[in-house]
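Visitor: The file below is coords35.cif, mmCIF, C-alpha atoms:
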```cif
data_coords
loop_
_atom_site.group_PDB
_atom_site.id
_atom_site.type_symbol
_atom_site.label_atom_id
_atom_site.label_comp_id
_atom_site.auth_asym_id
_atom_site.auth_seq_id
_atom_site.Cartn_x
_atom_site.Cartn_y
_atom_site.Cartn_z
ATOM 1 C CA MET A 1 -2.549 255.655 173.440
ATOM 2 C CA LYS A 2 -2.611 252.109 174.804
ATOM 3 C CA ASN A 3 -3.910 249.391 172.448
ATOM 4 C CA GLN A 4 -3.306 251.757 169.536
ATOM 5 C CA THR A 5 -2.020 249.016 167.230
ATOM 6 C CA ALA A 6 -5.202 246.958 167.538
ATOM 7 C CA LEU A 7 -7.417 250.024 167.271
ATOM 8 C CA LYS A 8 -5.583 251.081 164.096
ATOM 9 C CA TRP A 9 -7.018 247.955 162.488
ATOM 10 C CA LEU A 10 -10.432 247.865 164.152
ATOM 11 C CA ILE A 11 -11.505 251.480 163.698
ATOM 12 C CA PRO A 12 -10.926 251.707 159.908
ATOM 13 C CA LEU A 13 -12.843 248.440 159.478
ATOM 14 C CA ILE A 14 -15.718 249.859 161.520
ATOM 15 C CA GLY A 15 -15.676 253.032 159.445
ATOM 16 C CA ILE A 16 -15.671 251.229 156.092
ATOM 17 C CA LEU A 17 -18.394 248.721 157.021
ATOM 18 C CA ALA A 18 -20.588 251.389 158.630
ATOM 19 C CA LEU A 19 -20.227 253.544 155.514
ATOM 20 C CA LEU A 20 -21.356 250.620 153.343
ATOM 21 C CA ALA A 21 -24.224 249.637 155.659
ATOM 22 C CA ALA A 22 -25.588 253.165 156.067
ATOM 23 C CA ALA A 23 -25.269 253.966 152.348
ATOM 24 C CA ALA A 24 -27.046 250.722 151.448
ATOM 25 C CA GLY A 25 -29.878 251.527 153.851
ATOM 26 C CA LEU A 26 -30.428 254.886 152.171
ATOM 27 C CA PHE A 27 -29.605 254.208 148.517
ATOM 28 C CA TRP A 28 -30.483 250.536 147.886
ATOM 29 C CA PRO A 29 -32.527 250.258 144.646
ATOM 30 C CA VAL A 30 -36.230 250.877 145.281
ATOM 31 C CA ASP A 31 -38.433 248.039 144.036
ATOM 32 C CA GLY A 32 -41.984 247.980 145.295
ATOM 33 C CA GLN A 33 -44.552 249.646 147.504
ATOM 34 C CA PRO A 34 -45.628 249.321 151.147
ATOM 35 C CA TYR A 35 -48.134 246.546 151.773
ATOM 36 C CA SER A 36 -50.171 245.196 154.677
ATOM 37 C CA PHE A 37 -49.114 242.079 156.509
ATOM 38 C CA THR A 38 -50.581 240.144 159.432
ATOM 39 C CA SER A 39 -47.946 239.061 161.922
ATOM 40 C CA HIS A 40 -47.865 235.710 163.692
ATOM 41 C CA ARG A 41 -49.530 237.403 166.675
ATOM 42 C CA GLY A 42 -52.418 238.617 164.531
ATOM 43 C CA GLU A 43 -51.222 242.239 164.425
ATOM 44 C CA THR A 44 -51.750 243.974 161.070
ATOM 45 C CA VAL A 45 -48.725 246.050 160.087
ATOM 46 C CA THR A 46 -47.527 247.852 156.981
ATOM 47 C CA LEU A 47 -44.215 246.612 155.603
ATOM 48 C CA PHE A 48 -41.890 249.027 153.827
ATOM 49 C CA GLY A 49 -41.811 246.824 150.730
ATOM 50 C CA ARG A 50 -38.738 248.304 149.057
ATOM 51 C CA GLY A 51 -35.023 248.860 149.385
ATOM 52 C CA LEU A 52 -32.752 247.123 151.869
ATOM 53 C CA TYR A 53 -35.402 247.350 154.598
ATOM 54 C CA HIS A 54 -38.025 245.652 152.443
ATOM 55 C CA TYR A 55 -39.352 243.377 155.227
ATOM 56 C CA ASP A 56 -39.256 245.942 158.017
ATOM 57 C CA THR A 57 -42.357 247.958 158.813
ATOM 58 C CA VAL A 58 -42.690 251.488 157.464
ATOM 59 C CA SER A 59 -42.125 252.786 161.003
ATOM 60 C CA THR A 60 -38.998 250.669 161.576
ATOM 61 C CA ALA A 61 -37.548 251.472 158.133
ATOM 62 C CA ALA A 62 -38.052 255.189 158.774
ATOM 63 C CA GLN A 63 -36.137 254.865 162.044
ATOM 64 C CA GLU A 64 -33.343 252.826 160.438
ATOM 65 C CA GLN A 65 -32.924 255.313 157.611
ATOM 66 C CA GLY A 66 -32.895 258.193 160.096
ATOM 67 C CA GLN A 67 -30.106 256.363 161.916
ATOM 68 C CA ASP A 68 -28.260 255.863 158.618
ATOM 69 C CA VAL A 69 -28.371 259.611 157.920
ATOM 70 C CA ILE A 70 -26.805 260.427 161.303
ATOM 71 C CA THR A 71 -24.174 257.719 160.819
ATOM 72 C CA LEU A 72 -23.150 259.078 157.424
ATOM 73 C CA VAL A 73 -23.397 262.809 158.060
ATOM 74 C CA VAL A 74 -22.344 263.139 161.702
ATOM 75 C CA VAL A 75 -20.839 260.045 163.307
ATOM 76 C CA LEU A 76 -18.443 258.794 160.624
ATOM 77 C CA PRO A 77 -16.744 262.205 160.209
ATOM 78 C CA ALA A 78 -16.614 262.483 164.008
ATOM 79 C CA LEU A 79 -15.016 259.021 164.219
ATOM 80 C CA ALA A 80 -12.234 260.137 161.870
ATOM 81 C CA VAL A 81 -11.551 263.367 163.787
ATOM 82 C CA PHE A 82 -11.714 261.798 167.249
ATOM 83 C CA THR A 83 -9.453 258.916 166.201
ATOM 84 C CA TRP A 84 -6.849 261.394 164.942
ATOM 85 C CA LEU A 85 -7.013 263.354 168.201
ATOM 86 C CA ALA A 86 -6.876 260.217 170.368
ATOM 87 C CA PHE A 87 -3.867 258.790 168.551
ATOM 88 C CA ARG A 88 -2.072 262.118 169.093
ATOM 89 C CA GLY A 89 -2.493 261.634 172.842
ATOM 90 C CA SER A 90 -5.424 263.985 173.468
ATOM 91 C CA LEU A 91 -7.511 262.962 176.492
ATOM 92 C CA ARG A 92 -10.509 264.771 175.025
ATOM 93 C CA GLY A 93 -10.015 262.817 171.813
ATOM 94 C CA LYS A 94 -9.834 259.514 173.690
ATOM 95 C CA LEU A 95 -13.044 260.236 175.598
ATOM 96 C CA LEU A 96 -14.877 261.350 172.461
ATOM 97 C CA LEU A 97 -13.597 258.332 170.517
ATOM 98 C CA THR A 98 -14.744 255.905 173.218
ATOM 99 C CA GLY A 99 -18.202 257.459 173.316
ATOM 100 C CA THR A 100 -18.425 257.288 169.526
ATOM 101 C CA LEU A 101 -17.458 253.615 169.567
ATOM 102 C CA GLY A 102 -20.294 253.168 172.073
ATOM 103 C CA TYR A 103 -22.635 254.599 169.436
ATOM 104 C CA PHE A 104 -21.511 252.022 166.863
ATOM 105 C CA LEU A 105 -21.771 249.221 169.425
ATOM 106 C CA TYR A 106 -25.335 250.111 170.392
ATOM 107 C CA THR A 107 -26.451 250.848 166.823
ATOM 108 C CA TYR A 108 -25.241 247.644 165.223
ATOM 109 C CA MET A 109 -26.164 245.456 168.162
ATOM 110 C CA SER A 110 -29.728 246.652 167.635
ATOM 111 C CA MET A 111 -29.455 246.254 163.836
ATOM 112 C CA ALA A 112 -28.141 242.696 164.185
ATOM 113 C CA PHE A 113 -30.946 241.687 166.561
ATOM 114 C CA LEU A 114 -33.869 243.803 165.350
ATOM 115 C CA THR A 115 -33.643 244.510 161.623
ATOM 116 C CA ALA A 116 -35.507 242.030 159.429
ATOM 117 C CA TYR A 117 -32.992 239.728 157.755
ATOM 118 C CA ASN A 118 -31.437 241.289 154.643
ATOM 119 C CA GLN A 119 -28.277 241.110 152.531
ATOM 120 C CA PHE A 120 -26.291 243.089 155.125
ATOM 121 C CA PHE A 121 -26.968 240.834 158.123
ATOM 122 C CA LEU A 122 -23.343 239.642 158.328
ATOM 123 C CA VAL A 123 -22.144 243.242 158.032
ATOM 124 C CA TYR A 124 -24.298 244.184 161.041
ATOM 125 C CA VAL A 125 -22.865 241.252 162.997
ATOM 126 C CA ALA A 126 -19.310 242.195 162.022
ATOM 127 C CA LEU A 127 -19.903 245.810 163.053
ATOM 128 C CA PHE A 128 -21.397 244.675 166.363
ATOM 129 C CA SER A 129 -18.374 242.477 167.065
ATOM 130 C CA LEU A 130 -15.723 244.963 165.905
ATOM 131 C CA SER A 131 -17.357 247.800 167.855
ATOM 132 C CA LEU A 132 -17.601 245.703 170.997
ATOM 133 C CA TYR A 133 -13.892 244.871 171.097
ATOM 134 C CA ALA A 134 -12.805 248.334 169.951
ATOM 135 C CA PHE A 135 -14.931 249.837 172.736
ATOM 136 C CA ILE A 136 -13.402 247.494 175.326
ATOM 137 C CA LEU A 137 -9.850 248.249 174.158
ATOM 138 C CA SER A 138 -10.549 251.967 174.166
ATOM 139 C CA MET A 139 -11.937 251.781 177.724
ATOM 140 C CA MET A 140 -8.821 249.860 178.792
ATOM 141 C CA SER A 141 -6.536 252.546 177.361
ATOM 142 C CA PHE A 142 -7.264 255.025 180.178
ATOM 143 C CA ASP A 143 -5.033 255.388 183.216
ATOM 144 C CA LEU A 144 -7.702 255.373 185.921
ATOM 145 C CA ALA A 145 -5.279 256.345 188.679
ATOM 146 C CA SER A 146 -4.493 259.688 187.054
ATOM 147 C CA LEU A 147 -7.793 260.367 185.279
ATOM 148 C CA PRO A 148 -9.496 262.414 188.071
ATOM 149 C CA HIS A 149 -6.496 264.759 188.185
ATOM 150 C CA HIS A 150 -7.200 265.792 184.594
ATOM 151 C CA PHE A 151 -10.574 267.291 185.548
ATOM 152 C CA SER A 152 -10.830 270.734 187.074
ATOM 153 C CA GLU A 153 -12.299 271.263 190.525
ATOM 154 C CA ARG A 154 -14.643 273.725 188.811
ATOM 155 C CA LEU A 155 -16.405 270.898 186.965
ATOM 156 C CA PRO A 156 -20.104 271.082 187.977
ATOM 157 C CA ARG A 157 -20.392 267.383 188.736
ATOM 158 C CA GLY A 158 -23.882 267.838 190.166
ATOM 159 C CA TRP A 159 -25.184 269.299 186.913
ATOM 160 C CA VAL A 160 -23.621 266.557 184.782
ATOM 161 C CA ALA A 161 -24.891 263.831 187.107
ATOM 162 C CA GLY A 162 -28.333 265.458 187.128
ATOM 163 C CA ILE A 163 -28.481 265.362 183.324
ATOM 164 C CA LEU A 164 -27.518 261.672 183.367
ATOM 165 C CA PHE A 165 -30.197 260.954 185.970
ATOM 166 C CA ALA A 166 -32.752 262.834 183.855
ATOM 167 C CA VAL A 167 -31.888 260.756 180.778
ATOM 168 C CA GLY A 168 -32.077 257.499 182.719
ATOM 169 C CA GLY A 169 -35.313 258.479 184.430
ATOM 170 C CA PHE A 170 -36.946 259.455 181.154
ATOM 171 C CA LEU A 171 -35.956 256.217 179.394
ATOM 172 C CA PHE A 172 -37.135 254.155 182.364
ATOM 173 C CA LEU A 173 -40.525 255.867 182.584
ATOM 174 C CA ALA A 174 -41.030 255.936 178.805
ATOM 175 C CA TRP A 175 -40.401 252.220 178.306
ATOM 176 C CA ILE A 176 -42.051 251.015 181.525
ATOM 177 C CA GLY A 177 -45.075 253.112 180.581
ATOM 178 C CA ARG A 178 -45.216 251.461 177.161
ATOM 179 C CA ILE A 179 -44.821 247.972 178.624
ATOM 180 C CA GLY A 180 -46.628 248.291 181.941
ATOM 181 C CA GLN A 181 -50.163 249.157 180.847
ATOM 182 C CA PRO A 182 -50.578 246.195 178.438
ATOM 183 C CA PHE A 183 -48.851 243.932 180.983
ATOM 184 C CA LEU A 184 -51.312 244.852 183.740
ATOM 185 C CA ALA A 185 -54.194 244.297 181.317
ATOM 186 C CA ASN A 186 -52.765 240.868 180.386
ATOM 187 C CA GLN A 187 -52.188 242.082 176.842
ATOM 188 C CA ILE A 188 -49.204 242.272 174.509
ATOM 189 C CA PRO A 189 -47.700 245.693 173.703
ATOM 190 C CA PRO A 190 -47.499 246.628 170.002
ATOM 191 C CA LEU A 191 -44.636 244.613 168.511
ATOM 192 C CA GLU A 192 -45.147 245.453 164.817
ATOM 193 C CA ASN A 193 -43.223 242.722 162.983
ATOM 194 C CA THR A 194 -40.857 241.693 165.801
ATOM 195 C CA THR A 195 -41.040 238.912 168.366
ATOM 196 C CA THR A 196 -40.078 240.979 171.409
ATOM 197 C CA LEU A 197 -39.053 244.485 172.549
ATOM 198 C CA VAL A 198 -35.362 244.549 171.631
ATOM 199 C CA ILE A 199 -34.694 248.279 172.043
ATOM 200 C CA GLN A 200 -36.530 248.415 175.349
ATOM 201 C CA ALA A 201 -34.492 245.450 176.615
ATOM 202 C CA MET A 202 -31.240 247.147 175.588
ATOM 203 C CA ASP A 203 -32.193 250.501 177.078
ATOM 204 C CA LEU A 204 -33.551 249.138 180.353
ATOM 205 C CA GLY A 205 -30.761 246.587 180.713
ATOM 206 C CA LEU A 206 -27.785 248.687 179.555
ATOM 207 C CA LEU A 207 -28.408 252.405 179.224
ATOM 208 C CA VAL A 208 -30.596 253.128 182.243
ATOM 209 C CA PRO A 209 -28.186 251.437 184.706
ATOM 210 C CA LEU A 210 -25.295 253.255 182.998
ATOM 211 C CA THR A 211 -26.842 256.666 183.629
ATOM 212 C CA PHE A 212 -27.386 256.096 187.339
ATOM 213 C CA LEU A 213 -24.102 254.267 187.943
ATOM 214 C CA SER A 214 -22.002 256.881 186.155
ATOM 215 C CA GLY A 215 -23.841 259.764 187.820
ATOM 216 C CA ILE A 216 -23.411 258.338 191.318
ATOM 217 C CA LEU A 217 -19.736 257.524 190.779
ATOM 218 C CA LEU A 218 -19.111 260.996 189.339
ATOM 219 C CA LEU A 219 -20.638 262.612 192.445
ATOM 220 C CA ARG A 220 -18.323 260.455 194.556
ATOM 221 C CA ARG A 221 -15.317 261.655 192.502
ATOM 222 C CA SER A 222 -14.507 258.086 191.506
ATOM 223 C CA ALA A 223 -12.152 257.598 188.574
ATOM 224 C CA TRP A 224 -14.733 255.295 187.021
ATOM 225 C CA GLY A 225 -17.300 258.043 187.465
ATOM 226 C CA TYR A 226 -15.295 260.505 185.367
ATOM 227 C CA LEU A 227 -14.732 257.882 182.672
ATOM 228 C CA LEU A 228 -18.244 256.437 182.529
ATOM 229 C CA ALA A 229 -19.908 259.847 182.717
ATOM 230 C CA SER A 230 -17.786 261.185 179.843
ATOM 231 C CA VAL A 231 -18.483 258.136 177.678
ATOM 232 C CA ALA A 232 -22.189 258.085 178.599
ATOM 233 C CA VAL A 233 -22.701 261.756 177.778
ATOM 234 C CA MET A 234 -21.118 261.312 174.343
ATOM 235 C CA LYS A 235 -23.177 258.163 173.737
ATOM 236 C CA PHE A 236 -26.437 259.868 174.720
ATOM 237 C CA LEU A 237 -25.593 262.910 172.613
ATOM 238 C CA THR A 238 -25.375 260.781 169.461
ATOM 239 C CA TYR A 239 -28.259 258.565 170.662
ATOM 240 C CA GLY A 240 -30.541 261.558 171.176
ATOM 241 C CA LEU A 241 -29.553 263.045 167.829
ATOM 242 C CA ALA A 242 -30.258 259.735 166.071
ATOM 243 C CA VAL A 243 -33.658 259.223 167.756
ATOM 244 C CA SER A 244 -34.644 262.831 166.981
ATOM 245 C CA THR A 245 -33.823 262.223 163.312
ATOM 246 C CA MET A 246 -35.728 258.926 163.409
ATOM 247 C CA ALA A 247 -38.803 260.670 164.820
ATOM 248 C CA LEU A 248 -38.615 263.368 162.139
ATOM 249 C CA ASN A 249 -38.292 260.768 159.374
ATOM 250 C CA MET A 250 -41.247 258.827 160.803
ATOM 251 C CA LEU A 251 -43.296 262.037 160.692
ATOM 252 C CA LEU A 252 -42.316 262.547 157.046
ATOM 253 C CA ARG A 253 -43.280 258.929 156.271
ATOM 254 C CA GLY A 254 -46.719 259.424 157.785
ATOM 255 C CA VAL A 255 -46.116 257.206 160.835
ATOM 256 C CA PRO A 256 -45.367 259.783 163.549
ATOM 257 C CA ASP A 257 -44.251 258.672 167.008
ATOM 258 C CA SER A 258 -45.791 260.147 170.142
ATOM 259 C CA ILE A 259 -45.512 263.888 170.728
ATOM 260 C CA VAL A 260 -43.518 263.098 173.879
ATOM 261 C CA ILE A 261 -40.762 261.465 171.816
ATOM 262 C CA LEU A 262 -40.797 264.308 169.274
ATOM 263 C CA ILE A 263 -40.208 266.858 172.027
ATOM 264 C CA ALA A 264 -38.244 264.912 174.647
ATOM 265 C CA PHE A 265 -35.356 263.561 172.578
ATOM 266 C CA PRO A 266 -34.293 266.887 171.032
ATOM 267 C CA ALA A 267 -34.388 268.304 174.581
ATOM 268 C CA LEU A 268 -32.271 265.409 175.887
ATOM 269 C CA THR A 269 -29.849 265.913 172.993
ATOM 270 C CA LEU A 270 -29.429 269.559 173.984
ATOM 271 C CA LEU A 271 -28.911 268.633 177.651
ATOM 272 C CA ASN A 272 -26.219 266.095 176.754
ATOM 273 C CA LEU A 273 -24.544 268.629 174.484
ATOM 274 C CA ILE A 274 -24.343 270.980 177.477
ATOM 275 C CA ALA A 275 -22.965 268.162 179.659
ATOM 276 C CA ALA A 276 -20.378 267.283 176.994
ATOM 277 C CA VAL A 277 -19.217 270.906 176.806
ATOM 278 C CA LEU A 278 -18.954 271.105 180.608
ATOM 279 C CA LEU A 279 -16.881 267.921 180.778
ATOM 280 C CA LEU A 280 -14.558 268.730 177.893
ATOM 281 C CA LYS A 281 -14.133 272.356 178.962
ATOM 282 C CA ASN A 282 -12.991 271.275 182.422
ATOM 283 C CA ILE A 283 -10.257 268.896 181.294
ATOM 284 C CA GLU A 284 -6.852 270.245 182.247
ATOM 285 C CA VAL A 285 -3.272 269.076 181.878
ATOM 286 C CA PRO A 286 -2.007 268.442 185.413
ATOM 287 C CA ALA A 287 1.082 270.352 186.358
ATOM 288 C CA ALA A 288 4.173 268.157 186.492
ATOM 289 C CA PRO A 289 5.259 267.471 190.067
ATOM 290 C CA VAL A 290 8.198 269.612 191.118
ATOM 291 C CA ARG A 291 11.148 267.533 192.251
ATOM 292 C CA PRO A 292 13.244 268.999 195.055
ATOM 293 C CA LYS A 293 16.775 269.845 194.011
ATOM 294 C CA THR A 294 19.494 267.718 195.565
ATOM 295 C CA SER A 295 22.909 269.240 196.097
ATOM 296 C CA ARG A 296 25.940 267.353 194.925
ATOM 297 C CA ARG A 297 27.458 267.668 198.374
ATOM 298 C CA ALA A 298 24.467 265.915 199.919
ATOM 299 C CA VAL A 299 24.727 263.116 197.383
ATOM 300 C CA SER A 300 28.415 262.680 198.002
#
```
The structure in this file should be written as structure tokens.
Guide:
Amino acid sequence: MKNQTALKWLIPLIGILALLAAAAGLFWPVDGQPYSFTSHRGETVTLFGRGLYHYDTVSTAAQEQGQDVITLVVVLPALAVFTWLAFRGSLRGKLLLTGTLGYFLYTYMSMAFLTAYNQFFLVYVALFSLSLYAFILSMMSFDLASLPHHFSERLPRGWVAGILFAVGGFLFLAWIGRIGQPFLANQIPPLENTTTLVIQAMDLGLLVPLTFLSGILLLRRSAWGYLLASVAVMKFLTYGLAVSTMALNMLLRGVPDSIVILIAFPALTLLNLIAAVLLLKNIEVPAAPVRPKTSRRAVS
């Protein structure tokens, strides 16, 4: 695997820091109770009041702890397995590893920019930076010229692209719907204890374009289409799983999200799981080209 030396340093650091950050989010000593607070925009919110996410709202802390559970239970073990497979030369492992690094990049970019300042701020920044460069190096490790030849002609590209379009369309409509109505009424959407809509900016600026770009390129049989679609599907699989867990934890904390989110994200997770299986199942090892035999007499 290209760039393996650098990744051998970056990936263990990501794993160790993510383990510490997620464990701290879940098991930091509890010291206090939720309390009401009026934000600088005059919005009354309830702050969590305890643990590492003391100054986040109850809703935000529930989402962050849901994310921490998925990081500890699902993503960190997957990172170890996919790294082992990728370093052994497995194309499936490389694709899964790159998508998993995309999860860490997105997660800790949002934590660095959105989580109320706490003792782990520099850890979030370090994870954001390490994940960014590990993701770039992992993307650069693929041989784009040969990549399409590793995928079977039986791959249902239309189905995979359709799932990506569905994810992008849902995110676009969900966030524009949340922003558009207050905007048209010359009002401010609910911000809780933040200054702006960080997640919506990341999703509309990064994820939505990724879904449509990767889907279109996949339909055109572009090498970038195969790569971006594979990485995007893995990213959205972990993303959907994390958001589903967040929504469940919010429900348990008494601050449920909309019924649309509670239903839609588990459905999107299932769709991306199907797309991931289709992609991985249709990866083949190309047959080595047969070289014509040359007689010694012809050479002489």
Visitor: Which residue gives the smallest distance to Phe37 of chain A among A:Ile16, A:Ala232, A:Ala174, A:Val58, with all atoms listed in the file counted?
Guide: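 For Phe37 of chain A, the nearest of the candidates is A:Val58.
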Visitor: Find, counting all atoms listed in the file, the residue in A:Phe87, A:Phe183, A:Tyr226, A:Tyr103 that gets nearest to Asn282 of chain A.
Guide: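 Of A:Phe87, A:Phe183, A:Tyr226, A:Tyr103, the one nearest Asn282 of chain A is A:Tyr226, counting all atoms listed in the file.
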Visitor: Considering all atoms listed in the file, return as a list in words whatever protein or nucleic-acid residues lie within 8 Å of segment 137-141 of chain A, sequence-local ones (same chain, fewer than 6 positions apart) excluded.
Guide: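 Once the adjacent positions are removed, what remains is Met1, Lys2, Asn3, Leu7, Lys94, Leu97 and Thr98 of chain A.
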Visitor: Quick one: residues within 12 Å of His150 of chain A, all atoms listed in the file, excluding same-chain residues fewer than 5 positions away - as number ranges by chain?
Guide: A: 90-92, 142-145, 155, 223, 226-227, 279-288
Visitor: Quick one: which residues end up in the PyMOL selection byres ((chain A and resi 38) around 12) for this structure, as an mmCIF file with C-alpha atoms, keeping the file's coordinate frame?
Guide:
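out_33.cif, freshly written:
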```
data_model
loop_
_atom_site.group_PDB
_atom_site.id
_atom_site.type_symbol
_atom_site.label_atom_id
_atom_site.label_comp_id
_atom_site.auth_asym_id
_atom_site.auth_seq_id
_atom_site.Cartn_x
_atom_site.Cartn_y
_atom_site.Cartn_z
ATOM 1 C CA TYR A 35 -48.134 246.546 151.773
ATOM 2 C CA SER A 36 -50.171 245.196 154.677
ATOM 3 C CA PHE A 37 -49.114 242.079 156.509
ATOM 4 C CA SER A 39 -47.946 239.061 161.922
ATOM 5 C CA HIS A 40 -47.865 235.710 163.692
ATOM 6 C CA ARG A 41 -49.530 237.403 166.675
ATOM 7 C CA GLY A 42 -52.418 238.617 164.531
ATOM 8 C CA GLU A 43 -51.222 242.239 164.425
ATOM 9 C CA THR A 44 -51.750 243.974 161.070
ATOM 10 C CA VAL A 45 -48.725 246.050 160.087
ATOM 11 C CA THR A 46 -47.527 247.852 156.981
ATOM 12 C CA LEU A 47 -44.215 246.612 155.603
ATOM 13 C CA THR A 57 -42.357 247.958 158.813
ATOM 14 C CA LEU A 191 -44.636 244.613 168.511
ATOM 15 C CA GLU A 192 -45.147 245.453 164.817
ATOM 16 C CA ASN A 193 -43.223 242.722 162.983
ATOM 17 C CA THR A 194 -40.857 241.693 165.801
#
```
Visitor: Taking all atoms listed in the file into account, name the residue in A:Leu164, A:Leu270, A:Leu72, A:Leu204 that is nearest to Val231 of chain A.
Guide: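 Looking at the shortest contact to Val231 of chain A, the residue is A:Leu164.
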Visitor: For Ile14 of chain A, which of A:Leu85, A:Leu105, A:Val73, A:Leu171 is the closest residue, counting only C-alpha atoms?
Guide: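 Checking each candidate against Ile14 of chain A, we get A:Leu105 as the closest.
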Visitor: Give me segment 67-79 of chain A with N, CA and C atoms filled in, as a PDB file, in the frame of the given file.
Guide:
```pdb
ATOM      1  N   GLN A  67     -31.388 256.736 161.312  1.00  0.00           N
ATOM      2  CA  GLN A  67     -30.106 256.363 161.916  1.00  0.00           C
ATOM      3  C   GLN A  67     -28.995 256.379 160.879  1.00  0.00           C
ATOM      4  N   ASP A  68     -29.270 255.892 159.681  1.00  0.00           N
ATOM      5  CA  ASP A  68     -28.260 255.863 158.618  1.00  0.00           C
ATOM      6  C   ASP A  68     -27.801 257.279 158.254  1.00  0.00           C
ATOM      7  N   VAL A  69     -28.729 258.221 158.234  1.00  0.00           N
ATOM      8  CA  VAL A  69     -28.371 259.611 157.920  1.00  0.00           C
ATOM      9  C   VAL A  69     -27.387 260.158 158.956  1.00  0.00           C
ATOM     10  N   ILE A  70     -27.687 259.940 160.244  1.00  0.00           N
ATOM     11  CA  ILE A  70     -26.805 260.427 161.303  1.00  0.00           C
ATOM     12  C   ILE A  70     -25.447 259.738 161.237  1.00  0.00           C
ATOM     13  N   THR A  71     -25.443 258.443 160.940  1.00  0.00           N
ATOM     14  CA  THR A  71     -24.174 257.719 160.819  1.00  0.00           C
ATOM     15  C   THR A  71     -23.307 258.301 159.708  1.00  0.00           C
ATOM     16  N   LEU A  72     -23.910 258.568 158.565  1.00  0.00           N
ATOM     17  CA  LEU A  72     -23.150 259.078 157.424  1.00  0.00           C
ATOM     18  C   LEU A  72     -22.714 260.530 157.614  1.00  0.00           C
ATOM     19  N   VAL A  73     -23.631 261.365 158.062  1.00  0.00           N
ATOM     20  CA  VAL A  73     -23.397 262.809 158.060  1.00  0.00           C
ATOM     21  C   VAL A  73     -22.640 263.278 159.296  1.00  0.00           C
ATOM     22  N   VAL A  74     -22.897 262.642 160.440  1.00  0.00           N
ATOM     23  CA  VAL A  74     -22.344 263.139 161.702  1.00  0.00           C
ATOM     24  C   VAL A  74     -21.293 262.197 162.291  1.00  0.00           C
ATOM     25  N   VAL A  75     -21.653 260.924 162.479  1.00  0.00           N
ATOM     26  CA  VAL A  75     -20.839 260.045 163.307  1.00  0.00           C
ATOM     27  C   VAL A  75     -19.571 259.574 162.589  1.00  0.00           C
ATOM     28  N   LEU A  76     -19.652 259.237 161.321  1.00  0.00           N
ATOM     29  CA  LEU A  76     -18.443 258.794 160.624  1.00  0.00           C
ATOM     30  C   LEU A  76     -17.389 259.902 160.515  1.00  0.00           C
ATOM     31  N   PRO A  77     -17.762 261.141 160.159  1.00  0.00           N
ATOM     32  CA  PRO A  77     -16.744 262.205 160.209  1.00  0.00           C
ATOM     33  C   PRO A  77     -16.194 262.417 161.614  1.00  0.00           C
ATOM     34  N   ALA A  78     -17.084 262.331 162.628  1.00  0.00           N
ATOM     35  CA  ALA A  78     -16.614 262.483 164.008  1.00  0.00           C
ATOM     36  C   ALA A  78     -15.645 261.373 164.381  1.00  0.00           C
ATOM     37  N   LEU A  79     -15.913 260.143 163.936  1.00  0.00           N
ATOM     38  CA  LEU A  79     -15.016 259.021 164.219  1.00  0.00           C
ATOM     39  C   LEU A  79     -13.621 259.303 163.677  1.00  0.00           C
TER      40      LEU A  79
END
```
